[in-house]
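Worksheet for the structure shown next.
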Amino acid sequence: MSGSCTMERLMVSWFLCLVSTFQLSSALYFHIGETEKKCFIEEIPDDTMVIGNYKIQLWDKHKQEFLPSTPGLGMHVEVKEPEGKPLLSKQYSSEGRFTFTSHTPGEHQICLHSNSTKMSLFAGGKLRVHLDIQVGEHAFDYSEIAAKDKLTELQLRVRQLLDQVENVQKEQNYQRFREERFRQTSESTNQRVLWWSIAQTIILLLTGIWQMRHLKSFFEAKKLV
């Protein structure tokens, strides 16, 4: 029984390593000014949870380094769907997280800017924003899930595997959606090129006929024919 359980754990670990190659997570930091807005484009499948963890640091001119932000400094987060509809627009503190779930597949625009005003104490300062965006099963806190549902290590790994397989399936569906959209764009472009070629041919024919009639009238007027 023990050998069978060990074999199952090895198989689950192998599958987790295999599926973990499809990671959807990005961590970075960037600098913004007082009223500057920074936007990112994230390709997200439909019905997918997204979590963004962030932290703001303020540039200190005297110490020449980034320090923890001043009280009252916050971050405004805006998220728009591929069609441009607002999905999230909310004011947050200087450190925390924002979450949303996508409704349609495609490129989602995530924009961040501070709540700084020209009358604030840190006006004209430079901010460093640390941002970590996690998509799909990477947004889940499995330690919290295990504690809440009282899962064993093997059950938790199986849960992770199922979530990752579901995420891969969503990603495959999204890739098919992109392929279909690209095919429609290609067909539309080819059709426009075809009609433009036909229009050019008709214009050239009409121009040739007009020139021939004009030359015939000219020769008849000069009594050359």
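Each chain of the structure tokens is named A, B, ... in the order shown, its residues numbered from 1; ligands are numbered from 1 in display order.
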
- Selection: 6 Å around stretch 103-108 of chain A, only C-alpha atoms, excl. self and same-chain fewer than 6 positions, as a list in words: Ile41, Glu42, Glu43, Ile44, Pro45, Asp46, Asp47, Lys80, Glu81 and Pro82 of chain A

Can you tell me, as a PDB file with C-alpha atoms, in the first residue's frame, what residues are no more than 9 Å from stretch 68-74 of chain A when counting only C-alpha atoms, ignoring any on the same chain fewer than 6 positions away?
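Everything below was put into result15.pdb:
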```
ATOM      1  CA  LYS A  55       3.817  48.079  -3.516  1.00  0.00           C
ATOM      2  CA  ILE A  56       4.715  51.780  -3.908  1.00  0.00           C
ATOM      3  CA  GLN A  57       8.023  53.378  -2.960  1.00  0.00           C
ATOM      4  CA  LEU A  58       8.782  57.115  -3.031  1.00  0.00           C
ATOM      5  CA  TRP A  59      12.085  58.589  -4.195  1.00  0.00           C
ATOM      6  CA  GLN A  91      -8.758  53.279  -5.455  1.00  0.00           C
ATOM      7  CA  TYR A  92      -6.341  51.261  -3.304  1.00  0.00           C
ATOM      8  CA  SER A  93      -3.769  52.014  -0.620  1.00  0.00           C
ATOM      9  CA  SER A  94      -0.010  52.248  -1.170  1.00  0.00           C
ATOM     10  CA  GLU A  95       0.425  48.481  -0.850  1.00  0.00           C
ATOM     11  CA  HIS A 113      -1.631  55.766 -11.545  1.00  0.00           C
ATOM     12  CA  SER A 114      -1.151  57.371  -8.134  1.00  0.00           C
ATOM     13  CA  ASN A 115      -3.690  59.551  -6.357  1.00  0.00           C
ATOM     14  CA  SER A 116      -1.087  62.316  -6.204  1.00  0.00           C
ATOM     15  CA  LEU A 121       3.618  66.994  -0.250  1.00  0.00           C
ATOM     16  CA  PHE A 122       5.229  64.581  -2.679  1.00  0.00           C
ATOM     17  CA  LEU A 127       7.490  56.590  -7.590  1.00  0.00           C
TER      18      LEU A 127
END
```

- Using DSSP on the backbone coordinates, identify all residues within stretch 29-171 of chain A classified as alpha helix (DSSP H); present the result as a ChimeraX atom specification. /A:142-149,153-171

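Comparing the minimum interatomic distances between A:Ser143 and each of A:Arg213, A:Leu131, A:Gly84, A:Arg157, counting only C-alpha atoms, we find that A:Arg157 sits nearest.
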